[in-house]
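Asks: See start-v9.txt below, with compact mmCIF, C-alpha atoms (C1' of nucleotides).
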```
# COMPACT_ATOMS: atom_id res chain seq x y z
CA MET A 4 -39.20 17.44 -40.75
CA ASN A 5 -35.77 15.88 -40.79
CA ARG A 6 -33.84 15.44 -37.63
CA LYS A 7 -30.67 17.30 -36.92
CA GLU A 8 -27.43 15.34 -36.88
CA PRO A 9 -26.88 15.12 -33.10
CA GLU A 10 -30.48 14.11 -32.51
CA GLN A 11 -30.36 11.37 -35.09
CA PHE A 12 -27.14 10.15 -33.52
CA ILE A 13 -28.60 9.80 -30.04
CA LEU A 14 -31.78 8.19 -31.40
CA ASP A 15 -29.66 5.61 -33.16
CA HIS A 16 -27.94 5.05 -29.84
CA LEU A 17 -31.31 4.50 -28.17
CA GLN A 18 -32.60 2.27 -30.94
CA LYS A 19 -29.69 -0.09 -30.59
CA ARG A 20 -31.27 -1.02 -27.25
CA ILE A 21 -35.01 -0.35 -27.55
CA SER A 22 -37.47 0.45 -30.31
CA LEU A 23 -39.14 3.83 -30.32
CA THR A 24 -42.11 5.39 -32.02
CA ARG A 25 -41.72 8.69 -33.80
CA GLU A 26 -43.60 10.37 -30.95
CA GLU A 27 -41.38 8.91 -28.26
CA GLY A 28 -38.25 9.89 -30.16
CA ASP A 29 -39.46 13.42 -30.74
CA TYR A 30 -40.49 13.87 -27.15
CA PHE A 31 -37.17 12.59 -25.92
CA CYS A 32 -35.30 15.00 -28.20
CA SER A 33 -37.42 17.88 -26.97
CA LEU A 34 -36.01 17.31 -23.48
CA LEU A 35 -32.39 17.49 -24.58
CA GLN A 36 -30.22 20.55 -24.36
CA VAL A 37 -27.31 20.78 -26.75
CA ARG A 38 -24.21 22.09 -25.01
CA LYS A 39 -20.90 22.90 -26.63
CA VAL A 40 -17.88 23.09 -24.38
CA LEU A 41 -14.25 23.99 -24.92
CA ALA A 42 -11.25 21.91 -24.00
CA ARG A 43 -10.39 22.33 -20.30
CA GLN A 44 -13.93 23.47 -19.51
CA TYR A 45 -15.63 21.98 -16.45
CA ILE A 46 -19.17 20.67 -16.75
CA LEU A 47 -19.31 19.70 -13.07
CA GLN A 48 -17.29 20.94 -10.13
CA GLN A 49 -16.80 19.35 -6.73
CA GLY A 50 -19.48 20.77 -4.41
CA ASP A 51 -22.01 21.49 -7.12
CA VAL A 52 -25.01 19.30 -7.85
CA CYS A 53 -24.76 17.20 -11.00
CA ARG A 54 -27.82 18.48 -12.87
CA TYR A 55 -27.47 16.45 -16.08
CA GLU A 56 -26.84 13.14 -17.63
CA SER A 57 -24.59 14.11 -20.54
CA PHE A 58 -24.44 12.15 -23.76
CA VAL A 59 -21.27 12.72 -25.76
CA TYR A 60 -22.03 13.51 -29.37
CA LYS A 61 -18.48 14.67 -30.04
CA GLY A 62 -15.45 15.02 -27.83
CA PHE A 63 -13.85 13.49 -24.80
CA LEU A 64 -14.53 14.02 -21.09
CA ARG A 65 -13.20 12.77 -17.81
CA SER A 66 -14.61 12.59 -14.27
CA PHE A 67 -12.22 12.68 -11.34
CA TYR A 68 -11.98 13.01 -7.60
CA VAL A 69 -9.44 15.28 -5.94
CA ASP A 70 -8.34 13.96 -2.55
CA ASP A 71 -7.33 16.05 0.48
CA MET A 72 -3.69 15.95 -0.69
CA GLY A 73 -4.79 17.55 -3.97
CA VAL A 74 -4.17 14.38 -5.97
CA ASP A 75 -6.44 13.70 -8.92
CA HIS A 76 -8.06 10.23 -9.33
CA THR A 77 -9.85 9.45 -12.58
CA LEU A 78 -13.19 7.74 -11.99
CA HIS A 79 -14.47 7.59 -15.58
CA PHE A 80 -13.86 8.89 -19.04
CA ALA A 81 -16.34 9.25 -21.88
CA MET A 82 -16.06 9.49 -25.64
CA GLU A 83 -18.57 9.63 -28.52
CA ASP A 84 -21.73 7.57 -27.90
CA TRP A 85 -21.12 7.36 -24.13
CA TRP A 86 -22.92 8.97 -21.23
CA ILE A 87 -21.22 10.70 -18.33
CA ALA A 88 -22.43 12.09 -15.01
CA ASP A 89 -21.80 11.65 -11.32
CA SER A 90 -24.45 9.05 -10.54
CA ALA A 91 -24.45 9.66 -6.80
CA SER A 92 -24.97 13.40 -7.17
CA PHE A 93 -27.37 13.15 -10.09
CA LEU A 94 -29.68 10.59 -8.49
CA GLY A 95 -29.82 12.32 -5.11
CA GLN A 96 -29.49 15.86 -6.54
CA GLU A 97 -26.92 16.50 -3.81
CA PRO A 98 -23.46 18.10 -3.90
CA SER A 99 -20.92 16.09 -5.83
CA MET A 100 -17.51 14.92 -4.68
CA ILE A 101 -16.19 14.83 -8.21
CA ASN A 102 -15.41 17.01 -11.21
CA ILE A 103 -16.14 16.46 -14.87
CA ILE A 104 -13.99 18.20 -17.44
CA ALA A 105 -13.78 18.25 -21.22
CA HIS A 106 -10.36 17.35 -22.61
CA GLU A 107 -11.38 18.20 -26.16
CA PRO A 108 -13.89 20.66 -27.58
CA SER A 109 -17.07 18.66 -27.13
CA VAL A 110 -20.75 18.61 -28.02
CA LEU A 111 -23.05 17.17 -25.38
CA LEU A 112 -26.74 16.35 -25.29
CA GLN A 113 -27.92 16.90 -21.75
CA ILE A 114 -31.05 15.88 -19.91
CA ASN A 115 -31.85 16.99 -16.39
CA LYS A 116 -33.25 14.91 -13.55
CA GLN A 117 -36.73 16.37 -13.64
CA SER A 118 -37.13 15.86 -17.37
CA LEU A 119 -35.86 12.33 -17.07
CA ASP A 120 -38.26 11.50 -14.24
CA GLU A 121 -41.15 12.88 -16.25
CA LEU A 122 -39.98 10.96 -19.28
CA TYR A 123 -40.03 7.69 -17.33
CA LEU A 124 -43.63 8.32 -16.33
CA LYS A 125 -44.79 9.40 -19.74
CA PHE A 126 -43.02 6.69 -21.74
CA PRO A 127 -41.95 3.70 -19.64
CA VAL A 128 -39.90 2.39 -22.55
CA PHE A 129 -37.20 4.78 -21.37
CA GLU A 130 -37.09 2.94 -18.05
CA ARG A 131 -36.19 -0.05 -20.15
CA PHE A 132 -33.51 1.86 -21.99
CA TRP A 133 -31.86 3.05 -18.79
CA ARG A 134 -32.14 -0.36 -17.21
CA ILE A 135 -30.30 -1.90 -20.14
CA LEU A 136 -27.73 0.89 -20.16
CA THR A 137 -27.02 0.64 -16.44
CA GLN A 138 -26.90 -3.15 -16.47
CA ASN A 139 -24.28 -3.08 -19.21
CA PHE A 140 -22.39 -0.47 -17.28
CA ILE A 141 -22.37 -2.75 -14.24
CA VAL A 142 -20.76 -5.48 -16.31
CA ALA A 143 -17.99 -3.06 -17.30
CA GLN A 144 -17.55 -1.92 -13.71
CA ASP A 145 -17.36 -5.51 -12.48
CA LYS A 146 -14.46 -6.06 -14.86
CA ARG A 147 -12.73 -2.91 -13.70
CA ILE A 148 -13.10 -3.91 -10.04
CA LEU A 149 -11.77 -7.38 -10.78
CA ASN A 150 -8.80 -5.86 -12.59
CA ALA A 151 -8.17 -3.50 -9.69
CA ILE A 152 -8.04 -6.28 -7.12
CA ALA A 153 -6.50 -9.08 -9.19
CA LEU A 154 -3.95 -7.43 -11.50
CA SER A 155 -0.71 -5.50 -11.10
CA GLY A 156 -0.36 -1.95 -12.42
CA ALA A 157 1.40 -3.20 -15.54
CA GLU A 158 -1.34 -5.72 -16.24
CA ARG A 159 -4.10 -3.17 -15.74
CA TYR A 160 -2.35 -0.86 -18.22
CA GLN A 161 -2.08 -3.71 -20.71
CA ALA A 162 -5.78 -4.53 -20.32
CA LEU A 163 -6.77 -0.88 -20.74
CA ILE A 164 -4.93 -0.26 -23.98
CA GLU A 165 -6.17 -3.55 -25.40
CA ARG A 166 -9.75 -2.61 -24.55
CA TYR A 167 -9.41 1.03 -25.69
CA PRO A 168 -6.53 1.21 -28.17
CA THR A 169 -7.19 4.87 -28.96
CA ILE A 170 -7.13 6.03 -25.35
CA GLU A 171 -3.45 7.03 -25.47
CA ASN A 172 -4.21 9.54 -28.22
CA ARG A 173 -6.98 11.20 -26.28
CA LEU A 174 -5.91 11.10 -22.64
CA ALA A 175 -2.64 12.32 -21.13
CA GLN A 176 -0.45 9.68 -19.56
CA LYS A 177 -0.83 11.12 -16.11
CA HIS A 178 -4.60 10.77 -16.43
CA ILE A 179 -4.30 7.20 -17.64
CA ALA A 180 -2.14 6.56 -14.59
CA SER A 181 -4.76 8.12 -12.32
CA TYR A 182 -7.43 5.95 -13.96
CA LEU A 183 -5.36 2.83 -13.31
CA GLY A 184 -4.56 3.83 -9.76
CA ILE A 185 -0.80 4.18 -10.22
CA SER A 186 1.60 7.13 -10.23
CA PRO A 187 2.57 8.79 -13.53
CA VAL A 188 6.22 8.00 -12.81
CA PHE A 189 5.43 4.34 -12.46
CA LEU A 190 3.38 4.29 -15.66
CA SER A 191 6.34 5.77 -17.50
CA GLN A 192 8.51 2.91 -16.23
CA ILE A 193 5.91 0.32 -17.26
CA ARG A 194 5.85 1.75 -20.79
CA LYS A 195 9.62 1.71 -21.05
CA LYS A 196 9.78 -1.99 -20.17
CA ARG A 197 6.96 -2.86 -22.58
CA HIS A 198 8.68 -1.46 -25.66
CA LYS A 199 11.57 -3.85 -25.28
CA MET B 6 -54.71 -15.75 1.15
CA ASN B 7 -51.82 -14.55 3.23
CA ARG B 8 -48.36 -14.42 1.81
CA LYS B 9 -45.57 -16.60 3.04
CA GLU B 10 -42.74 -14.98 4.96
CA PRO B 11 -40.05 -14.94 2.23
CA GLU B 12 -42.52 -13.58 -0.33
CA GLN B 13 -43.66 -10.79 1.93
CA PHE B 14 -40.02 -9.94 2.59
CA ILE B 15 -39.12 -9.56 -1.08
CA LEU B 16 -42.33 -7.62 -1.79
CA ASP B 17 -41.39 -5.19 0.96
CA HIS B 18 -38.00 -4.92 -0.70
CA LEU B 19 -39.68 -4.08 -4.01
CA GLN B 20 -42.12 -1.66 -2.46
CA LYS B 21 -39.34 0.41 -0.95
CA ARG B 22 -38.53 1.37 -4.55
CA ILE B 23 -41.79 1.07 -6.54
CA SER B 24 -45.47 0.61 -5.77
CA LEU B 25 -47.15 -2.58 -6.85
CA THR B 26 -50.69 -3.78 -7.26
CA ARG B 27 -51.75 -7.05 -5.69
CA GLU B 28 -51.76 -8.62 -9.16
CA GLU B 29 -48.25 -7.48 -9.99
CA GLY B 30 -46.94 -8.70 -6.64
CA ASP B 31 -48.61 -12.08 -6.99
CA TYR B 32 -47.38 -12.53 -10.52
CA PHE B 33 -43.85 -11.63 -9.53
CA CYS B 34 -43.93 -14.13 -6.66
CA SER B 35 -45.20 -16.83 -8.98
CA LEU B 36 -41.95 -16.51 -10.98
CA LEU B 37 -39.71 -17.01 -7.95
CA GLN B 38 -38.15 -20.28 -6.96
CA VAL B 39 -37.22 -20.71 -3.34
CA ARG B 40 -33.85 -22.37 -2.95
CA LYS B 41 -32.21 -23.45 0.28
CA VAL B 42 -28.50 -24.01 0.22
CA LEU B 43 -25.98 -25.22 2.76
CA ALA B 44 -22.83 -23.47 3.86
CA ARG B 45 -20.02 -24.08 1.36
CA GLN B 46 -22.49 -24.92 -1.40
CA TYR B 47 -21.92 -23.38 -4.83
CA ILE B 48 -24.80 -21.72 -6.62
CA LEU B 49 -22.65 -20.86 -9.65
CA GLN B 50 -19.42 -22.40 -10.89
CA GLN B 51 -16.86 -20.97 -13.29
CA GLY B 52 -17.78 -22.20 -16.78
CA ASP B 53 -21.49 -22.57 -16.10
CA VAL B 54 -24.11 -20.07 -17.21
CA CYS B 55 -25.56 -17.91 -14.45
CA ARG B 56 -29.24 -18.82 -14.77
CA TYR B 57 -30.65 -16.74 -11.92
CA GLU B 58 -30.74 -13.46 -10.18
CA SER B 59 -30.75 -14.55 -6.54
CA PHE B 60 -32.32 -12.50 -3.80
CA VAL B 61 -31.01 -13.32 -0.33
CA TYR B 62 -33.83 -13.92 2.12
CA LYS B 63 -31.49 -15.41 4.69
CA GLY B 64 -27.79 -16.12 4.70
CA PHE B 65 -24.57 -14.83 3.22
CA LEU B 66 -22.98 -15.42 -0.19
CA ARG B 67 -19.86 -14.42 -2.02
CA SER B 68 -18.88 -14.21 -5.69
CA PHE B 69 -15.24 -14.63 -6.64
CA TYR B 70 -12.89 -15.11 -9.54
CA VAL B 71 -10.10 -17.68 -9.45
CA ASP B 72 -7.09 -16.58 -11.49
CA ASP B 73 -4.71 -18.87 -13.40
CA MET B 74 -2.47 -19.09 -10.33
CA GLY B 75 -5.44 -20.46 -8.38
CA VAL B 76 -5.80 -17.30 -6.29
CA ASP B 77 -9.27 -16.31 -5.23
CA HIS B 78 -10.47 -12.69 -5.75
CA THR B 79 -13.75 -11.63 -4.15
CA LEU B 80 -15.92 -9.61 -6.53
CA HIS B 81 -19.06 -9.21 -4.39
CA PHE B 82 -20.73 -10.46 -1.27
CA ALA B 83 -24.43 -10.47 -0.45
CA MET B 84 -26.44 -10.63 2.75
CA GLU B 85 -30.15 -10.43 3.57
CA ASP B 86 -32.12 -8.08 1.29
CA TRP B 87 -29.41 -8.08 -1.39
CA TRP B 88 -29.29 -9.58 -4.85
CA ILE B 89 -26.41 -11.56 -6.23
CA ALA B 90 -25.55 -12.93 -9.68
CA ASP B 91 -22.83 -12.68 -12.28
CA SER B 92 -24.23 -9.85 -14.37
CA ALA B 93 -22.11 -10.58 -17.42
CA SER B 94 -23.10 -14.23 -17.55
CA PHE B 95 -26.74 -13.66 -16.59
CA LEU B 96 -27.39 -10.95 -19.16
CA GLY B 97 -25.69 -12.74 -22.03
CA GLN B 98 -26.60 -16.25 -20.79
CA GLU B 99 -23.01 -17.23 -21.51
CA PRO B 100 -20.42 -19.15 -19.44
CA SER B 101 -19.33 -17.36 -16.33
CA MET B 102 -15.79 -16.54 -15.22
CA ILE B 103 -16.81 -16.49 -11.58
CA ASN B 104 -18.17 -18.63 -8.78
CA ILE B 105 -20.85 -17.89 -6.23
CA ILE B 106 -20.80 -19.75 -2.94
CA ALA B 107 -22.88 -19.69 0.23
CA HIS B 108 -20.88 -19.09 3.40
CA GLU B 109 -23.85 -19.71 5.64
CA PRO B 110 -26.95 -21.87 5.22
CA SER B 111 -29.04 -19.58 3.05
CA VAL B 112 -32.50 -19.16 1.61
CA LEU B 113 -32.65 -17.59 -1.83
CA LEU B 114 -35.47 -16.41 -4.04
CA GLN B 115 -34.39 -16.95 -7.61
CA ILE B 116 -35.73 -15.69 -10.91
CA ASN B 117 -34.41 -16.85 -14.25
CA LYS B 118 -33.67 -14.73 -17.30
CA GLN B 119 -36.65 -15.82 -19.32
CA SER B 120 -39.12 -15.16 -16.52
CA LEU B 121 -37.56 -11.78 -15.90
CA ASP B 122 -37.75 -10.81 -19.57
CA GLU B 123 -41.39 -11.84 -19.70
CA LEU B 124 -42.04 -9.94 -16.49
CA TYR B 125 -40.61 -6.76 -18.00
CA LEU B 126 -42.97 -7.04 -20.94
CA LYS B 127 -46.03 -7.91 -18.90
CA PHE B 128 -45.51 -5.32 -16.15
CA PRO B 129 -43.11 -2.52 -17.12
CA VAL B 130 -43.04 -1.32 -13.53
CA PHE B 131 -40.42 -4.02 -12.97
CA GLU B 132 -38.21 -2.30 -15.52
CA ARG B 133 -38.41 0.65 -13.22
CA PHE B 134 -37.52 -1.45 -10.21
CA TRP B 135 -34.45 -2.89 -11.86
CA ARG B 136 -33.40 0.47 -13.21
CA ILE B 137 -33.49 1.92 -9.71
CA LEU B 138 -31.71 -1.09 -8.26
CA THR B 139 -28.93 -1.04 -10.85
CA GLN B 140 -28.48 2.72 -10.62
CA ASN B 141 -28.00 2.48 -6.87
CA PHE B 142 -25.60 -0.37 -7.41
CA ILE B 143 -23.59 1.80 -9.78
CA VAL B 144 -23.23 4.43 -7.07
CA ALA B 145 -21.82 1.78 -4.72
CA GLN B 146 -19.47 0.48 -7.39
CA ASP B 147 -18.25 3.99 -8.17
CA LYS B 148 -17.26 4.32 -4.52
CA ARG B 149 -15.49 1.00 -4.54
CA ILE B 150 -13.55 1.91 -7.67
CA LEU B 151 -12.57 5.24 -6.18
CA ASN B 152 -11.41 3.49 -3.03
CA ALA B 153 -9.43 1.00 -5.07
CA ILE B 154 -7.53 3.67 -6.98
CA ALA B 155 -7.25 6.36 -4.31
CA LEU B 156 -6.71 4.55 -0.99
CA SER B 157 -4.06 2.29 0.54
CA GLY B 158 -4.91 -1.22 1.70
CA ALA B 159 -5.22 -0.05 5.29
CA GLU B 160 -7.57 2.77 4.31
CA ARG B 161 -9.74 0.47 2.20
CA TYR B 162 -10.03 -1.91 5.15
CA GLN B 163 -11.00 0.97 7.42
CA ALA B 164 -13.66 2.14 4.94
CA LEU B 165 -15.07 -1.38 4.57
CA ILE B 166 -15.57 -2.08 8.26
CA GLU B 167 -17.07 1.38 8.76
CA ARG B 168 -19.52 0.77 5.93
CA TYR B 169 -20.30 -2.84 6.95
CA PRO B 170 -19.48 -3.21 10.65
CA THR B 171 -20.83 -6.77 10.78
CA ILE B 172 -18.76 -8.04 7.87
CA GLU B 173 -16.00 -9.40 10.09
CA ASN B 174 -18.49 -11.71 11.80
CA ARG B 175 -19.72 -13.17 8.55
CA LEU B 176 -16.72 -13.29 6.24
CA ALA B 177 -13.32 -14.87 6.91
CA GLN B 178 -10.38 -12.52 7.03
CA LYS B 179 -8.79 -14.05 3.96
CA HIS B 180 -11.95 -13.30 2.01
CA ILE B 181 -12.07 -9.76 3.29
CA ALA B 182 -8.47 -9.44 2.13
CA SER B 183 -9.38 -10.81 -1.29
CA TYR B 184 -12.28 -8.33 -1.50
CA LEU B 185 -9.92 -5.46 -0.69
CA GLY B 186 -7.27 -6.65 -3.11
CA ILE B 187 -4.58 -7.34 -0.52
CA SER B 188 -2.95 -10.50 0.83
CA PRO B 189 -4.29 -12.14 4.00
CA VAL B 190 -0.88 -11.73 5.63
CA PHE B 191 -0.93 -8.02 4.99
CA LEU B 192 -4.46 -7.67 6.35
CA SER B 193 -3.34 -9.38 9.53
CA GLN B 194 -0.56 -6.78 9.89
CA ILE B 195 -2.98 -3.92 9.26
CA ARG B 196 -5.26 -5.23 12.00
CA LYS B 197 -2.39 -5.55 14.45
CA LYS B 198 -1.37 -1.93 13.96
CA ARG B 199 -4.96 -0.70 14.26
CA HIS B 200 -5.54 -2.15 17.71
CA LYS B 201 -2.73 -0.11 19.18
C1' DC C 10 -9.06 -35.11 21.26
C1' DG C 11 -7.17 -34.76 16.83
C1' DT C 12 -7.38 -32.87 12.30
C1' DC C 13 -7.92 -29.29 9.23
C1' DT C 14 -7.86 -24.69 8.06
C1' DA C 15 -7.27 -19.81 9.25
C1' DT C 16 -4.50 -16.40 11.31
C1' DT C 17 -0.32 -14.55 13.07
C1' DT C 18 4.55 -13.69 13.13
C1' DG C 19 9.08 -12.86 11.21
C1' DA C 20 12.28 -12.28 7.48
C1' DA C 21 13.48 -11.49 2.84
C1' DT C 22 11.92 -9.77 -1.59
C1' DG C 23 9.57 -7.16 -4.92
C1' DT C 24 6.39 -3.70 -6.39
C1' DA C 25 5.13 0.86 -6.55
C1' DC C 26 5.85 5.56 -4.57
C1' DT C 27 8.18 10.05 -3.56
C1' DC C 28 11.45 13.45 -4.55
C1' DA C 29 14.38 15.86 -7.54
C1' DA C 30 16.24 16.97 -11.83
C1' DA C 31 16.56 16.61 -16.82
C1' DA C 32 14.52 16.15 -21.21
C1' DG C 33 10.66 16.61 -24.35
C1' DC C 34 6.64 18.86 -26.28
C1' DG C 35 3.07 22.19 -27.38
C1' DG C 36 1.29 26.55 -27.49
C1' DT C 37 1.94 31.59 -27.63
C1' DG C 38 3.76 35.83 -28.77
C1' DG C 39 7.30 38.62 -30.62
C1' DC D 23 9.29 31.22 -37.81
C1' DC D 24 11.60 30.74 -33.92
C1' DA D 25 12.30 31.32 -28.98
C1' DC D 26 10.48 30.99 -24.71
C1' DC D 27 7.39 29.36 -21.14
C1' DG D 28 4.80 26.02 -18.82
C1' DC D 29 3.50 21.52 -18.37
C1' DT D 30 4.21 16.49 -19.16
C1' DT D 31 7.16 12.69 -19.37
C1' DT D 32 11.40 10.45 -18.37
C1' DT D 33 15.24 9.08 -15.52
C1' DG D 34 17.59 7.90 -11.31
C1' DA D 35 17.93 7.12 -6.44
C1' DG D 36 16.12 6.18 -2.07
C1' DT D 37 12.00 4.71 0.61
C1' DA D 38 7.66 2.72 1.89
C1' DC D 39 4.12 -0.39 1.03
C1' DA D 40 2.71 -4.92 0.20
C1' DT D 41 4.01 -9.68 -1.12
C1' DT D 42 5.95 -14.37 -0.66
C1' DC D 43 7.62 -18.09 1.99
C1' DA D 44 7.94 -20.66 6.05
C1' DA D 45 6.85 -21.78 10.60
C1' DA D 46 4.20 -21.22 14.81
C1' DT D 47 -0.22 -20.49 16.99
C1' DA D 48 -5.05 -20.35 17.32
C1' DG D 49 -9.81 -21.80 16.21
C1' DA D 50 -13.48 -24.68 14.39
C1' DC D 51 -15.58 -28.98 13.67
C1' DG D 52 -16.44 -33.73 13.83
```
Spell out the structure here as structure tokens.
Replies:
Amino acid sequence: MNRKEPEQFILDHLQKRISLTREEGDYFCSLLQVRKVLARQYILQQGDVCRYESFVYKGFLRSFYVDDMGVDHTLHFAMEDWWIADSASFLGQEPSMINIIAHEPSVLLQINKQSLDELYLKFPVFERFWRILTQNFIVAQDKRILNAIALSGAERYQALIERYPTIENRLAQKHIASYLGISPVFLSQIRKKRHK
Amino acid sequence: MNRKEPEQFILDHLQKRISLTREEGDYFCSLLQVRKVLARQYILQQGDVCRYESFVYKGFLRSFYVDDMGVDHTLHFAMEDWWIADSASFLGQEPSMINIIAHEPSVLLQINKQSLDELYLKFPVFERFWRILTQNFIVAQDKRILNAIALSGAERYQALIERYPTIENRLAQKHIASYLGISPVFLSQIRKKRHK
DNA sequence: CGTCTATTTGAATGTACTCAAAAGCGGTGG
DNA sequence: CCACCGCTTTTGAGTACATTCAAATAGACG
């Protein structure tokens, strides 16, 4: 039997990092739930437990924290071939401080904590996959932390659009500002100066 | 045969997260190199490849990036029971952008990339250990990123000393400032205001 | 005790923020 | 298809946060 498009896509994603037998791949796919969401739909809300690791097959999502003043701070974004979740809430299965929202109609492949834990026990090769994935993620986070402490707002903006040139087409300016840790007004000023 | 003190310490560290057979524990220990370093000694210098993951048995270390103006930015610190390395350089075995220095006389247990890769293949349970370790690290980094984009310098300082009350005894103020992404002068002002 | 470095203090400057208002843009319905 | 509504972005002005520079003080180490 041939695999469906989203399943083949995520298996390719896995096989860039590990090699899998047919059985392992099939079993993994059997644990996934396909979920289609609309633009502006929440997949996680502050206070709820993050039940899934979500792999983005199509679309664009964003995780953010809302502070006590009601201001929105973008923790992560995710596009095709990326995973998104709130790690703290997912790992501890405890209420989350953050929200995750779709900014475009999206198709996700979701796996819950229990399935993932069982998967690790049944096929330890998936431990390897997640180790590799999380290690690479740490490298990216190290860079972001270094940028946050070493660069000005204008420099962080510059670095972001160089790293992700398409981001401005997919994410509103105010959300880019909240990802960079600056105000939308200030980002507008940065952009004005740049184009001269 | 009884285990030596540093080996028992790191095995306890492992066994908080996974369970190990005697054989697995012994094999792991056989891959470790004990390294004693003096205060102010570098264990990694900008431009060199990060050859080891270093587990801190005793002491205190700090990783930092020096920008083109010669300013020092603290990426991480590590105390007893923590690991430190430059993930980017270690994983790719490529030249590092950062330095790691001991701030106290320290005893490290080091494992190199090749040994670690062999270990993963021989005993997959260590994949599990590193997955768990890196996932927990991601949770901590998420918090730090959120603090960096959502809080003022004074608030980040407050959060740091609440999280690590002993940090001020082990790390100079200018390095705390460089970890928080503020100037040492400004940190001094923050501290003055706080004590009133 | 003297030297070296870290921290504090003060003043001037610059970077980024808030507030308010105007302009731009996208979606919806008549 | 166009007009309106709501939301985002821009602009300008005033303010607050954080930096630099320089000098004084305090601490640490040989």
Asks: Show me which bits of chain A are within 10 Å of chain D, counting all atoms listed in the file, as a list in words.
Replies: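 For chain A, the answer reads Ala175, Gln176, Lys177, Pro187, Val188, Leu190, Ser191, Gln192 and Lys195 of chain A.
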Asks: With chain C as the partner and 9 Å as the cut-off, tabulate the residues of chain A that qualify, each row holding the nearest pair of atoms and their distance in Å to one decimal, using all atoms listed in the file, sorted by chain and rising number, as JSON lines.
Replies:
```
{"residue": "A:Ser155", "atom": "CA", "partner": "C:DT24", "partner_atom": "C1'", "distance": 8.7}
{"residue": "A:Gly156", "atom": "CA", "partner": "C:DA25", "partner_atom": "C1'", "distance": 8.5}
{"residue": "A:Ile185", "atom": "CA", "partner": "C:DA25", "partner_atom": "C1'", "distance": 7.7}
{"residue": "A:Ser186", "atom": "CA", "partner": "C:DC26", "partner_atom": "C1'", "distance": 7.3}
{"residue": "A:Val188", "atom": "CA", "partner": "C:DC26", "partner_atom": "C1'", "distance": 8.6}
{"residue": "A:Phe189", "atom": "CA", "partner": "C:DA25", "partner_atom": "C1'", "distance": 6.9}
```
Asks: Residues of chain B were defined as contacting chain A if any atom lay at most 10 Å from it, counting all atoms listed in the file; please report them as a ChimeraX atom specification.
Replies: /B:69-72,76-81,91-94,96,125-126,129-156,182-187
Asks: For a test of reading the model, state the distance in Å between atom CA of B:Met102 and atom CA of A:Ala81, rounded to one decimal.
Replies: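 Atom CA of A:Ala81 lies 26.6 Å from atom CA of B:Met102.
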Asks: Excluding same-chain residues fewer than 6 positions from B:Arg45, what lies within 7 Å of it counting only C-alpha atoms (C1' of nucleotides), as a ChimeraX atom specification?
Replies: /B:106-108
Asks: Between atom CA of A:Ile101 and atom CA of A:Asp71, what is the spacing in Å?
Replies: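 Between these atoms lies a distance of 12.5 Å.
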Asks: So how far away is atom CA of A:Leu122 from atom CA of B:Ser120, in Å?
Replies: 26.3 Å
Asks: Would you pick out the contacts of B:Ile105 at 9 Å or less, using only C-alpha atoms (C1' of nucleotides), so that residues sharing its chain but fewer than 6 positions from it are not included, and give the list as an MDAnalysis selection string?
Replies: chainID B and resid 46:51 66:69 82 89:91
Asks: Could you give me stretch 36-45 of chain B completed to N, CA and C atoms, formatted as a compact mmCIF listing (two decimals), in the frame of the given file?
Replies:
```txt
# COMPACT_ATOMS: atom_id res chain seq x y z
N LEU B 36 -43.14 -16.23 -10.15
CA LEU B 36 -41.95 -16.51 -10.98
C LEU B 36 -40.75 -16.92 -10.14
N LEU B 37 -40.86 -16.75 -8.83
CA LEU B 37 -39.71 -17.01 -7.95
C LEU B 37 -39.61 -18.49 -7.60
N GLN B 38 -38.39 -18.96 -7.50
CA GLN B 38 -38.15 -20.28 -6.96
C GLN B 38 -37.40 -20.12 -5.65
N VAL B 39 -37.92 -20.74 -4.61
CA VAL B 39 -37.22 -20.71 -3.34
C VAL B 39 -36.13 -21.77 -3.37
N ARG B 40 -34.95 -21.39 -2.96
CA ARG B 40 -33.85 -22.37 -2.95
C ARG B 40 -33.09 -22.28 -1.64
N LYS B 41 -33.00 -23.41 -0.96
CA LYS B 41 -32.21 -23.45 0.28
C LYS B 41 -30.88 -24.08 -0.02
N VAL B 42 -29.84 -23.47 0.46
CA VAL B 42 -28.50 -24.01 0.22
C VAL B 42 -27.75 -24.11 1.54
N LEU B 43 -26.80 -25.02 1.57
CA LEU B 43 -25.98 -25.22 2.76
C LEU B 43 -24.76 -24.32 2.72
N ALA B 44 -24.12 -24.16 3.85
CA ALA B 44 -22.83 -23.47 3.86
C ALA B 44 -21.87 -24.26 2.97
N ARG B 45 -21.03 -23.52 2.28
CA ARG B 45 -20.02 -24.08 1.36
C ARG B 45 -20.62 -24.67 0.07
```
